[in-house]
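Text of entry-v7.csv (CSV, C-alpha atoms) as supplied:
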chain,number,residue,atom,x,y,z
A,71,MET,CA,42.1,112.4,-77.6
A,72,ARG,CA,39.4,113.1,-80.1
A,73,CYS,CA,38.1,109.5,-80.3
A,74,ALA,CA,35.2,109.8,-77.9
A,75,ARG,CA,32.8,107.2,-79.5
A,76,PRO,CA,32.0,103.9,-78.0
A,77,TRP,CA,34.1,100.8,-78.7
A,78,LYS,CA,33.0,98.5,-81.5
A,79,PRO,CA,34.4,95.4,-82.9
A,80,TRP,CA,37.0,95.8,-85.4
A,81,SER,CA,36.4,95.4,-89.1
A,82,PRO,CA,37.8,96.8,-92.3
A,83,ALA,CA,34.6,98.6,-93.1
A,84,TYR,CA,34.5,100.1,-89.7
A,85,ASN,CA,38.1,101.3,-90.1
A,86,ARG,CA,37.2,102.8,-93.4
A,87,PHE,CA,34.2,104.5,-91.8
A,88,ILE,CA,36.4,105.9,-89.1
A,89,VAL,CA,38.9,107.2,-91.6
A,90,SER,CA,36.2,108.7,-93.8
A,91,ASP,CA,34.6,110.3,-90.8
A,92,VAL,CA,37.7,112.1,-89.6
A,93,PRO,CA,38.1,115.7,-90.8
A,94,ASN,CA,40.6,116.5,-93.5
A,95,GLU,CA,42.7,118.5,-91.3
A,96,VAL,CA,43.2,115.6,-89.0
A,97,ILE,CA,44.2,113.3,-91.8
A,98,GLN,CA,46.9,115.4,-93.0
A,99,PRO,CA,50.2,114.2,-92.1
A,100,SER,CA,52.2,115.9,-89.5
A,101,SER,CA,55.0,115.0,-87.3
A,102,ALA,CA,53.0,115.3,-84.1
A,103,ALA,CA,50.3,112.8,-85.1
A,104,GLU,CA,52.6,110.0,-86.2
A,105,PRO,CA,52.6,108.0,-82.9
A,106,ALA,CA,48.8,107.4,-82.9
A,107,PRO,CA,48.6,104.7,-85.6
A,108,ARG,CA,51.3,102.8,-83.8
A,109,ALA,CA,49.3,102.8,-80.6
A,110,ALA,CA,46.3,101.5,-82.5
A,111,ALA,CA,48.3,98.9,-84.1
A,112,VAL,CA,49.5,97.7,-80.8
A,113,THR,CA,46.0,97.5,-79.2
A,114,LEU,CA,44.5,95.3,-81.9
A,115,PRO,CA,45.9,91.8,-80.9
A,116,PRO,CA,44.3,91.7,-77.3
A,117,GLN,CA,40.8,92.0,-78.9
A,118,ARG,CA,41.5,88.9,-81.0
A,119,TRP,CA,42.4,86.9,-77.9
A,120,LEU,CA,39.2,88.0,-76.3
A,121,TRP,CA,37.1,86.9,-79.2
A,122,THR,CA,39.0,83.6,-79.3
A,123,GLY,CA,38.4,83.0,-75.5
A,124,ALA,CA,34.7,83.9,-75.9
A,125,ALA,CA,34.4,81.5,-78.8
A,126,LEU,CA,36.0,78.7,-76.8
A,127,LEU,CA,33.8,79.5,-73.8
A,128,LEU,CA,30.8,79.4,-76.0
A,129,LEU,CA,31.9,76.1,-77.5
A,130,LEU,CA,32.5,74.6,-74.0
A,131,THR,CA,29.1,75.9,-72.9
A,132,LEU,CA,27.5,74.2,-75.8
A,133,MET,CA,29.3,71.0,-75.2
A,134,SER,CA,28.4,71.0,-71.5
A,135,LEU,CA,24.8,71.6,-72.4
A,136,ALA,CA,24.9,68.8,-74.9
A,137,MET,CA,26.5,66.5,-72.4
A,138,ALA,CA,24.0,67.5,-69.7
A,139,TRP,CA,21.1,66.9,-72.1
A,140,GLN,CA,22.6,63.5,-73.0
A,141,ALA,CA,23.0,62.6,-69.3
A,142,GLN,CA,19.4,63.7,-68.6
A,143,GLN,CA,18.2,61.5,-71.5
A,144,ARG,CA,20.2,58.5,-70.1
A,145,VAL,CA,18.8,59.1,-66.5
A,146,ALA,CA,15.3,59.3,-68.0
A,147,SER,CA,15.8,56.1,-69.9
A,148,VAL,CA,17.2,54.4,-66.8
A,149,GLN,CA,14.2,55.6,-64.8
A,150,GLN,CA,11.8,54.3,-67.4
A,151,GLU,CA,13.7,50.9,-67.3
A,152,LEU,CA,13.5,50.8,-63.5
A,153,VAL,CA,9.8,51.6,-63.6
A,154,ARG,CA,9.2,48.9,-66.2
A,155,ARG,CA,11.2,46.4,-64.3
A,156,GLN,CA,9.4,47.3,-61.1
A,157,GLN,CA,6.1,46.8,-62.8
A,158,ASP,CA,7.3,43.4,-64.1
A,159,SER,CA,8.4,42.4,-60.6
A,160,ALA,CA,5.1,43.4,-59.1
A,161,GLY,CA,3.2,41.4,-61.7
A,162,GLN,CA,5.5,38.4,-61.1
A,163,SER,CA,5.0,38.6,-57.3
A,164,THR,CA,1.3,38.8,-57.8
A,165,GLU,CA,1.4,35.7,-60.0
A,166,ALA,CA,3.7,34.0,-57.5
A,167,ARG,CA,1.2,34.7,-54.7
A,168,VAL,CA,-1.6,33.4,-56.8
A,169,LEU,CA,0.4,30.2,-57.6
A,170,ALA,CA,1.3,29.8,-53.9
A,171,LYS,CA,-2.3,30.1,-52.8
A,172,GLN,CA,-3.3,27.6,-55.4
A,173,ALA,CA,-0.5,25.3,-54.2
A,174,GLN,CA,-1.7,25.6,-50.6
A,175,ASP,CA,-5.3,24.8,-51.6
A,176,GLY,CA,-4.0,21.8,-53.6
A,177,MET,CA,-2.0,20.6,-50.5
A,178,ARG,CA,-5.1,20.9,-48.3
A,179,GLU,CA,-7.1,18.9,-50.8
A,180,LEU,CA,-4.3,16.3,-51.0
A,181,ALA,CA,-4.0,16.1,-47.2
A,182,ALA,CA,-7.8,15.6,-46.9
A,183,LYS,CA,-7.7,12.9,-49.6
A,184,LEU,CA,-4.7,11.3,-47.9
A,185,ALA,CA,-6.5,11.2,-44.5
A,186,LEU,CA,-9.5,9.6,-46.1
A,187,VAL,CA,-7.3,7.1,-47.8
A,188,GLU,CA,-5.5,6.3,-44.5
A,189,ALA,CA,-8.8,5.9,-42.8
A,190,ARG,CA,-10.0,3.5,-45.5
A,191,VAL,CA,-6.7,1.6,-45.3
A,192,ALA,CA,-7.0,1.3,-41.5
A,193,GLU,CA,-10.6,0.1,-41.9
A,194,VAL,CA,-9.5,-2.5,-44.5
A,195,ALA,CA,-6.7,-3.6,-42.2
A,196,ILE,CA,-9.1,-4.1,-39.3
A,197,GLN,CA,-11.5,-6.0,-41.6
A,198,ARG,CA,-8.6,-8.1,-42.8
A,199,GLY,CA,-7.5,-8.9,-39.2
A,200,GLN,CA,-11.0,-9.9,-38.3
A,201,LEU,CA,-11.3,-12.0,-41.4
A,202,GLU,CA,-8.0,-13.7,-40.5
A,203,GLU,CA,-9.1,-14.4,-37.0
A,204,LEU,CA,-12.4,-15.8,-38.3
A,205,ILE,CA,-10.5,-18.0,-40.7
A,206,GLN,CA,-8.1,-19.1,-38.0
A,207,SER,CA,-11.0,-19.9,-35.6
A,208,LEU,CA,-12.7,-21.9,-38.3
A,209,SER,CA,-9.6,-23.8,-39.2
A,210,ARG,CA,-8.6,-24.4,-35.6
A,211,SER,CA,-9.3,-27.9,-34.3
A,212,ARG,CA,-11.5,-28.8,-31.4
A,213,ASP,CA,-8.5,-29.5,-29.1
A,214,GLU,CA,-7.1,-26.0,-29.7
A,215,ASN,CA,-10.4,-24.4,-29.0
A,216,VAL,CA,-10.6,-26.2,-25.6
A,217,LEU,CA,-7.1,-25.2,-24.7
A,218,VAL,CA,-7.6,-21.6,-25.7
A,219,ASP,CA,-10.9,-21.4,-23.7
A,220,ILE,CA,-9.3,-22.9,-20.6
A,221,ASP,CA,-6.2,-20.6,-20.8
A,222,SER,CA,-8.3,-17.4,-21.1
A,223,ALA,CA,-10.6,-18.5,-18.3
A,224,ILE,CA,-7.7,-19.2,-16.0
A,225,ARG,CA,-6.1,-15.8,-16.8
A,226,VAL,CA,-9.3,-14.0,-16.0
A,227,ALA,CA,-9.6,-16.0,-12.7
A,228,ILE,CA,-6.1,-15.0,-11.8
A,229,GLN,CA,-7.0,-11.3,-12.2
A,230,GLN,CA,-10.2,-11.7,-10.2
A,231,SER,CA,-8.3,-13.4,-7.4
A,232,ALA,CA,-5.7,-10.6,-7.4
A,233,ILE,CA,-8.4,-8.0,-7.1
A,234,THR,CA,-10.6,-9.7,-4.5
A,235,GLY,CA,-7.8,-11.4,-2.6
A,236,SER,CA,-9.8,-14.6,-2.5
A,237,PRO,CA,-8.8,-17.9,-4.2
A,238,GLU,CA,-12.4,-18.9,-4.8
A,239,PRO,CA,-12.6,-17.6,-8.5
A,240,LEU,CA,-9.4,-19.5,-9.3
A,241,VAL,CA,-10.5,-22.6,-7.5
A,242,ALA,CA,-13.8,-22.6,-9.4
A,243,VAL,CA,-12.2,-22.1,-12.8
A,244,LEU,CA,-9.7,-24.9,-12.1
A,245,LYS,CA,-12.4,-27.3,-11.1
A,246,GLN,CA,-14.5,-26.4,-14.1
A,247,SER,CA,-11.5,-26.9,-16.4
A,248,GLU,CA,-10.7,-30.3,-14.8
A,249,GLU,CA,-14.3,-31.5,-15.3
A,250,ARG,CA,-14.3,-30.3,-18.9
A,251,LEU,CA,-11.1,-32.1,-19.7
A,252,ALA,CA,-12.4,-35.2,-18.0
A,253,ARG,CA,-15.5,-35.2,-20.2
A,254,TYR,CA,-13.4,-34.5,-23.3
A,255,ASN,CA,-11.2,-37.6,-22.5
A,256,GLN,CA,-8.2,-37.0,-24.8
A,257,PRO,CA,-4.9,-38.7,-24.0
A,258,ARG,CA,-3.0,-35.8,-25.4
A,259,LEU,CA,-4.4,-33.5,-22.7
A,260,GLU,CA,-3.7,-35.8,-19.7
A,261,GLY,CA,-0.6,-33.7,-18.8
A,262,VAL,CA,-2.9,-30.6,-18.7
A,263,ARG,CA,-5.3,-32.4,-16.3
A,264,ARG,CA,-2.5,-33.5,-14.0
A,265,ALA,CA,-1.1,-29.9,-13.9
A,266,ILE,CA,-4.6,-28.5,-13.1
A,267,ALA,CA,-4.9,-31.1,-10.2
A,268,ARG,CA,-1.6,-30.0,-8.7
A,269,ASP,CA,-2.4,-26.3,-8.9
A,270,LEU,CA,-5.9,-26.9,-7.5
A,271,ASP,CA,-4.4,-28.7,-4.5
A,272,ARG,CA,-1.8,-26.0,-3.9
A,273,VAL,CA,-4.5,-23.2,-4.1
A,274,ARG,CA,-6.8,-25.1,-1.7
A,275,ALA,CA,-3.9,-25.5,0.8
A,276,ILE,CA,-3.6,-21.8,1.2
A,277,GLY,CA,-5.6,-20.6,4.2
A,278,ILE,CA,-7.4,-17.3,3.2
A,279,ALA,CA,-9.1,-15.2,5.8
A,280,ASP,CA,-12.8,-15.5,5.9
A,281,LEU,CA,-13.6,-11.8,6.0
A,282,PRO,CA,-17.4,-12.1,6.5
A,283,SER,CA,-17.0,-14.2,9.6
A,284,LEU,CA,-14.2,-12.0,11.0
A,285,SER,CA,-16.5,-9.0,10.5
A,286,ILE,CA,-19.3,-10.7,12.4
A,287,LYS,CA,-16.9,-11.4,15.3
A,288,LEU,CA,-15.8,-7.8,15.5
A,289,ASP,CA,-19.4,-6.7,15.4
A,290,GLU,CA,-20.2,-9.0,18.3
A,291,ALA,CA,-17.2,-7.6,20.3
A,292,VAL,CA,-18.4,-4.0,19.6
A,293,ARG,CA,-21.9,-5.0,20.9
A,294,MET,CA,-20.4,-6.4,24.2
A,295,VAL,CA,-18.2,-3.4,25.0
A,296,ASP,CA,-21.0,-1.7,26.9
A,297,GLU,CA,-21.4,-4.7,29.1
A,298,LEU,CA,-17.8,-5.1,30.1
A,299,PRO,CA,-17.0,-4.2,33.8
A,300,LEU,CA,-14.4,-1.6,34.5
A,301,LEU,CA,-11.8,-1.9,37.3
A,302,SER,CA,-12.7,1.5,38.7
A,303,VAL,CA,-16.4,0.5,39.1
A,304,ALA,CA,-17.0,-2.4,41.5
A,305,GLU,CA,-19.6,-4.9,40.2
A,306,PRO,CA,-22.0,-6.3,42.8
A,307,ARG,CA,-22.0,-10.0,43.2
A,308,LYS,CA,-25.1,-12.0,42.7
A,309,ALA,CA,-25.4,-14.3,45.8
A,310,ALA,CA,-29.1,-15.0,45.6
A,311,SER,CA,-28.6,-17.9,43.2
A,312,ALA,CA,-25.9,-19.4,45.3
A,313,VAL,CA,-28.0,-19.2,48.5
A,314,ALA,CA,-31.1,-20.6,46.7
A,315,ALA,CA,-29.2,-23.6,45.4
A,316,PRO,CA,-28.4,-26.1,48.2
A,317,LYS,CA,-24.9,-27.5,48.6
A,318,PRO,CA,-24.1,-30.9,47.3
A,319,SER,CA,-23.3,-32.0,50.9
A,320,GLN,CA,-26.7,-30.8,52.1
A,321,ARG,CA,-28.5,-32.7,49.3
A,322,SER,CA,-26.6,-35.9,50.1
A,323,THR,CA,-27.3,-35.7,53.9
A,324,PRO,CA,-30.1,-38.1,54.9
A,325,VAL,CA,-33.2,-36.5,56.4
A,326,ASP,CA,-33.9,-37.4,60.0
A,327,THR,CA,-37.5,-38.4,60.1
A,328,SER,CA,-37.5,-38.6,63.9
A,329,GLU,CA,-37.2,-34.8,64.3
A,330,PRO,CA,-40.3,-32.8,64.3
A,331,ALA,CA,-41.3,-30.9,61.1
A,332,TRP,CA,-41.2,-27.5,62.8
A,333,LEU,CA,-37.7,-28.1,64.0
A,334,ARG,CA,-36.5,-29.2,60.6
A,335,SER,CA,-38.0,-26.2,58.9
A,336,TRP,CA,-36.5,-23.9,61.6
A,337,ASN,CA,-33.0,-25.4,61.0
A,338,GLU,CA,-33.3,-24.9,57.2
A,339,GLY,CA,-34.4,-21.3,57.6
A,340,TRP,CA,-31.6,-20.6,60.0
A,341,SER,CA,-29.0,-22.1,57.6
A,342,SER,CA,-30.3,-20.1,54.6
A,343,ALA,CA,-30.3,-16.8,56.7
A,344,THR,CA,-26.8,-17.6,57.9
A,345,GLU,CA,-25.6,-18.2,54.3
A,346,ARG,CA,-27.2,-15.0,53.1
A,347,VAL,CA,-25.6,-12.9,55.9
A,348,TRP,CA,-22.2,-14.4,55.3
A,349,SER,CA,-22.4,-13.7,51.5
A,350,GLU,CA,-23.2,-10.0,52.3
A,351,ILE,CA,-20.3,-9.8,54.7
A,352,LYS,CA,-17.9,-11.2,52.1
A,353,SER,CA,-19.2,-8.7,49.5
A,354,LEU,CA,-18.2,-5.8,51.7
A,355,VAL,CA,-14.5,-6.4,51.1
A,356,ARG,CA,-13.0,-7.4,47.8
A,357,VAL,CA,-9.3,-8.0,47.1
A,358,THR,CA,-8.3,-7.4,43.4
A,359,ARG,CA,-4.9,-7.4,41.8
A,360,ILE,CA,-4.3,-4.2,39.9
A,361,GLU,CA,-1.4,-4.0,37.4
A,362,HIS,CA,-2.1,-0.5,36.1
A,363,PRO,CA,-2.9,2.0,38.9
A,364,GLU,CA,-4.2,4.6,36.4
A,365,ALA,CA,-7.2,2.3,35.8
A,366,MET,CA,-8.5,2.8,39.3
A,367,LEU,CA,-8.2,6.6,38.9
A,368,LEU,CA,-10.5,6.6,36.0
A,369,ALA,CA,-13.4,9.1,36.6
A,370,PRO,CA,-17.0,8.0,35.9
A,371,ASP,CA,-17.4,10.5,33.1
A,372,GLN,CA,-14.2,9.2,31.5
A,373,ALA,CA,-15.5,5.7,31.4
A,374,PHE,CA,-17.8,6.6,28.6
A,375,PHE,CA,-15.0,7.9,26.4
A,376,VAL,CA,-12.9,4.7,27.2
A,377,ARG,CA,-15.7,2.5,25.9
A,378,GLU,CA,-16.3,4.7,22.8
A,379,ASN,CA,-12.6,4.7,21.9
A,380,LEU,CA,-12.6,1.0,22.2
A,381,LYS,CA,-15.6,0.7,19.9
A,382,LEU,CA,-13.9,3.0,17.4
A,383,ARG,CA,-10.8,0.9,17.4
A,384,LEU,CA,-12.8,-2.3,16.7
A,385,LEU,CA,-14.7,-0.6,13.9
A,386,ASN,CA,-11.5,0.7,12.3
A,387,ALA,CA,-10.1,-2.8,12.4
A,388,ARG,CA,-13.3,-4.0,10.7
A,389,LEU,CA,-13.0,-1.5,7.9
A,390,ALA,CA,-9.3,-2.3,7.5
A,391,LEU,CA,-10.2,-6.0,7.1
A,392,LEU,CA,-12.9,-5.2,4.5
A,393,SER,CA,-10.4,-3.1,2.6
A,394,ARG,CA,-7.7,-5.8,2.9
A,395,GLN,CA,-5.3,-3.6,4.9
A,396,PHE,CA,-4.3,-6.3,7.3
A,397,ASP,CA,-1.4,-4.4,8.9
A,398,THR,CA,-3.7,-1.6,9.9
A,399,ALA,CA,-6.2,-4.1,11.3
A,400,GLN,CA,-3.5,-5.8,13.4
A,401,GLY,CA,-2.5,-2.4,14.8
A,402,ASP,CA,-6.0,-1.5,15.8
A,403,LEU,CA,-6.7,-4.9,17.3
A,404,GLN,CA,-3.5,-4.7,19.4
A,405,VAL,CA,-4.5,-1.2,20.7
A,406,ALA,CA,-8.0,-2.6,21.6
A,407,GLN,CA,-6.5,-5.6,23.4
A,408,ASN,CA,-4.2,-3.3,25.4
A,409,THR,CA,-7.2,-1.1,26.4
A,410,LEU,CA,-9.1,-4.2,27.6
A,411,ASP,CA,-6.1,-5.4,29.7
A,412,ARG,CA,-5.6,-1.9,31.3
A,413,TYR,CA,-9.1,-0.6,32.2
A,414,PHE,CA,-11.4,-3.6,32.4
A,415,ASP,CA,-11.8,-6.4,34.9
A,416,LYS,CA,-10.0,-9.6,33.8
A,417,GLY,CA,-12.1,-11.8,36.0
A,418,SER,CA,-15.3,-11.1,34.0
A,419,ARG,CA,-16.6,-13.8,31.8
A,420,ARG,CA,-17.7,-11.3,29.2
A,421,LEU,CA,-14.2,-9.8,29.0
A,422,VAL,CA,-12.8,-13.3,28.5
A,423,LEU,CA,-15.2,-13.8,25.6
A,424,VAL,CA,-14.4,-10.4,23.9
A,425,THR,CA,-10.7,-11.1,24.3
A,426,GLU,CA,-11.1,-14.5,22.7
A,427,LEU,CA,-13.0,-12.9,19.7
A,428,ILE,CA,-10.2,-10.3,19.2
A,429,ARG,CA,-7.6,-13.0,19.4
A,430,GLN,CA,-9.3,-15.1,16.8
A,431,VAL,CA,-9.7,-12.2,14.4
A,432,ALA,CA,-6.0,-11.2,14.9
A,433,SER,CA,-4.8,-14.7,14.2
A,434,GLN,CA,-6.8,-15.1,11.0
A,435,ALA,CA,-6.3,-11.6,9.6
A,436,ARG,CA,-3.1,-12.3,7.6
A,437,GLN,CA,-2.0,-11.2,4.2
A,438,LEU,CA,-1.6,-14.4,2.1
A,439,GLY,CA,-1.0,-14.3,-1.6
A,440,VAL,CA,-2.9,-16.6,-3.9
A,441,PRO,CA,-0.4,-18.8,-5.8
A,442,ARG,CA,-0.4,-18.7,-9.6
A,443,PRO,CA,-1.2,-21.8,-11.6
A,444,ASP,CA,2.1,-21.8,-13.4
A,445,ASP,CA,2.1,-25.6,-14.0
A,446,THR,CA,-1.3,-25.4,-15.7
A,447,LEU,CA,-0.3,-22.4,-17.9
A,448,ALA,CA,3.0,-24.2,-18.9
A,449,ALA,CA,1.1,-27.4,-19.8
A,450,LEU,CA,-1.5,-25.4,-21.8
A,451,ALA,CA,1.3,-23.7,-23.7
A,452,ALA,CA,3.1,-27.0,-24.4
A,453,ALA,CA,-0.1,-28.6,-25.6
A,454,SER,CA,-1.0,-25.7,-27.9
A,455,ALA,CA,2.5,-25.9,-29.4
A,456,GLY,CA,2.0,-29.6,-30.1
A,457,ARG,CA,4.8,-30.9,-27.8
For the structure just supplied, provide its representation as structure tokens.
Amino acid sequence: MRCARPWKPWSPAYNRFIVSDVPNEVIQPSSAAEPAPRAAAVTLPPQRWLWTGAALLLLLTLMSLAMAWQAQQRVASVQQELVRRQQDSAGQSTEARVLAKQAQDGMRELAAKLALVEARVAEVAIQRGQLEELIQSLSRSRDENVLVDIDSAIRVAIQQSAITGSPEPLVAVLKQSEERLARYNQPRLEGVRRAIARDLDRVRAIGIADLPSLSIKLDEAVRMVDELPLLSVAEPRKAASAVAAPKPSQRSTPVDTSEPAWLRSWNEGWSSATERVWSEIKSLVRVTRIEHPEAMLLAPDQAFFVRENLKLRLLNARLALLSRQFDTAQGDLQVAQNTLDRYFDKGSRRLVLVTELIRQVASQARQLGVPRPDDTLAALAAASAGR
């Protein structure tokens, strides 16, 4: 083929150019060159389709670019809106925090003011109560004042008696109240006087242990423990006084004046010597009834501990009495009495005295409750109520 030039888009001018450019000999008609225009006519329609597709592609590209630009614009507007709203939210949260802080400060101030108001209200209430009591005390009659004073004094005395365990405070208050009502001499209060007299007799009838005297008795018993004779240690008998003192029969015997003086003195000396010798002979052998054999086996060094343990028991009983623990005191006194009966000589007068002291303390150390003056309190309540 002679068409060796590059391909260019089709146009009528171009075709004319191509025709004019062709040599004359080529343009001349011939039978051999007739098929070429048909081939060119056949190849022209595909180029149109290509141009059409390119135009459509360009149009789609432009539309895509337009849509992308529009979407980008929308995203940018949305971002701006979000930023604006975020800024508004931050401002509102800041304002909310400021308002909350102001509200907290206001609540603190209100709480402080409320506490101050409550304190003032309480103070006013106390003052009002005191004022009412003052008005009531001023408007109360003389009889009511006397009854109130007696009632309060009796209740205080009941508490003191319960603490000390002694009826003396209650007895003193009842006697004072009776004397006061007797001086007042009101017929309306005779029932109160009779009730006070009954309660006073009932309180006096209760035998309360005299703790000071019991403590003195126990101290005396503790002091005499060192002088008590033990069964394991034989105590020598004092016969000199018995020999020195003449017998009643000898005193009543008439003196024979006919005998010489030397003979009479010799007879008296012989009799005294005989009595002294006989007393010494009797002291050599002693028969004692022993109920506890272990008492005779007590070693001399153990006797000290027996006496000290007995003293400790008596001192514990004394402390228990002073603290009003009568059961503990009874137990210590019982143990002390058993120790005396087991290890000490029952024939000794000192042991009998100590045993009697312990027995007296044990018989008086009893827990006795002080009776309440219920009749007096009921009569005071009835008189105060006007019945």
* Asked: Hey, can you check how far CA of Pro299 (chain A) sits from CA of Val431 (chain A)?
  -> 22.2 Å
* To do: For region 406-409 of chain A, work out the shell of residues within 9 Å, counting all atoms listed in the file and skipping chain neighbours fewer than 4 positions away, then give it as an MDAnalysis selection string.
  => chainID A and resid 376 379:381 383:384 401:402 413:414 425 428:429
* Structure fact -> CA of Leu244 (chain A) to CA of Leu217 (chain A) measures 12.9 Å
* Do you have the CA of Ala227 (chain A)-CA of Val440 (chain A) distance handy? ->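 CA of Val440 (chain A) lies 11.1 Å from CA of Ala227 (chain A).
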* Identify, on the basis of only C-alpha atoms, every residue whose closest approach to region 387-393 of chain A does not exceed 10 Å; exclude the query and any residue fewer than 3 positions from it along the same chain; express the result as a ChimeraX atom specification. => /A:234,279-282,284-289,381-384,396-404,406,431-432,435-436
Saved selection, atoms kept: C-alpha atoms, as a short mmCIF file (atom, residue, chain, number, x, y, z; two decimals), keeping the file's coordinate frame:
data_model
loop_
_atom_site.label_atom_id
_atom_site.label_comp_id
_atom_site.auth_asym_id
_atom_site.auth_seq_id
_atom_site.Cartn_x
_atom_site.Cartn_y
_atom_site.Cartn_z
CA THR A 234 -10.60 -9.70 -4.50
CA ALA A 279 -9.10 -15.20 5.80
CA ASP A 280 -12.80 -15.50 5.90
CA LEU A 281 -13.60 -11.80 6.00
CA PRO A 282 -17.40 -12.10 6.50
CA LEU A 284 -14.20 -12.00 11.00
CA SER A 285 -16.50 -9.00 10.50
CA ILE A 286 -19.30 -10.70 12.40
CA LYS A 287 -16.90 -11.40 15.30
CA LEU A 288 -15.80 -7.80 15.50
CA ASP A 289 -19.40 -6.70 15.40
CA LYS A 381 -15.60 0.70 19.90
CA LEU A 382 -13.90 3.00 17.40
CA ARG A 383 -10.80 0.90 17.40
CA LEU A 384 -12.80 -2.30 16.70
CA PHE A 396 -4.30 -6.30 7.30
CA ASP A 397 -1.40 -4.40 8.90
CA THR A 398 -3.70 -1.60 9.90
CA ALA A 399 -6.20 -4.10 11.30
CA GLN A 400 -3.50 -5.80 13.40
CA GLY A 401 -2.50 -2.40 14.80
CA ASP A 402 -6.00 -1.50 15.80
CA LEU A 403 -6.70 -4.90 17.30
CA GLN A 404 -3.50 -4.70 19.40
CA ALA A 406 -8.00 -2.60 21.60
CA VAL A 431 -9.70 -12.20 14.40
CA ALA A 432 -6.00 -11.20 14.90
CA ALA A 435 -6.30 -11.60 9.60
CA ARG A 436 -3.10 -12.30 7.60
#
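The residue that comes closest to Leu301 (chain A), out of A:Leu385, A:Ala181, A:Ala369, A:Ile220 and on the basis of all atoms listed in the file, is A:Ala369.
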* Which is closer to Met294 (chain A) than all the others in A:Ala182, A:Val187, A:Ala275, A:Val422, using only C-alpha atoms? ->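 Closest to Met294 (chain A) of all the choices is A:Val422.
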* To do: Have a look at A:Leu135, A:Val194, A:Ala265, A:Ala451 and name the one nearest to Ser222 (chain A); count all atoms listed in the file.
  =>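 Of A:Leu135, A:Val194, A:Ala265, A:Ala451, the one nearest Ser222 (chain A), counting all atoms listed in the file, is A:Ala451.
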With only C-alpha atoms as the counted atoms, please give the residues lying no more than 12 Å from Glu260 (chain A), apart from itself and same-chain residues fewer than 5 positions off, as a PDB file with C-alpha atoms, in the coordinates of the input.
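Produced file result.pdb, reproduced below:
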ATOM      1  CA  GLU A 248     -10.700 -30.300 -14.800  1.00  0.00           C
ATOM      2  CA  ARG A 250     -14.300 -30.300 -18.900  1.00  0.00           C
ATOM      3  CA  LEU A 251     -11.100 -32.100 -19.700  1.00  0.00           C
ATOM      4  CA  ALA A 252     -12.400 -35.200 -18.000  1.00  0.00           C
ATOM      5  CA  ARG A 253     -15.500 -35.200 -20.200  1.00  0.00           C
ATOM      6  CA  TYR A 254     -13.400 -34.500 -23.300  1.00  0.00           C
ATOM      7  CA  ASN A 255     -11.200 -37.600 -22.500  1.00  0.00           C
ATOM      8  CA  ALA A 265      -1.100 -29.900 -13.900  1.00  0.00           C
ATOM      9  CA  ILE A 266      -4.600 -28.500 -13.100  1.00  0.00           C
ATOM     10  CA  ALA A 267      -4.900 -31.100 -10.200  1.00  0.00           C
ATOM     11  CA  THR A 446      -1.300 -25.400 -15.700  1.00  0.00           C
ATOM     12  CA  ALA A 449       1.100 -27.400 -19.800  1.00  0.00           C
ATOM     13  CA  LEU A 450      -1.500 -25.400 -21.800  1.00  0.00           C
ATOM     14  CA  ALA A 453      -0.100 -28.600 -25.600  1.00  0.00           C
TER      15      ALA A 453
END
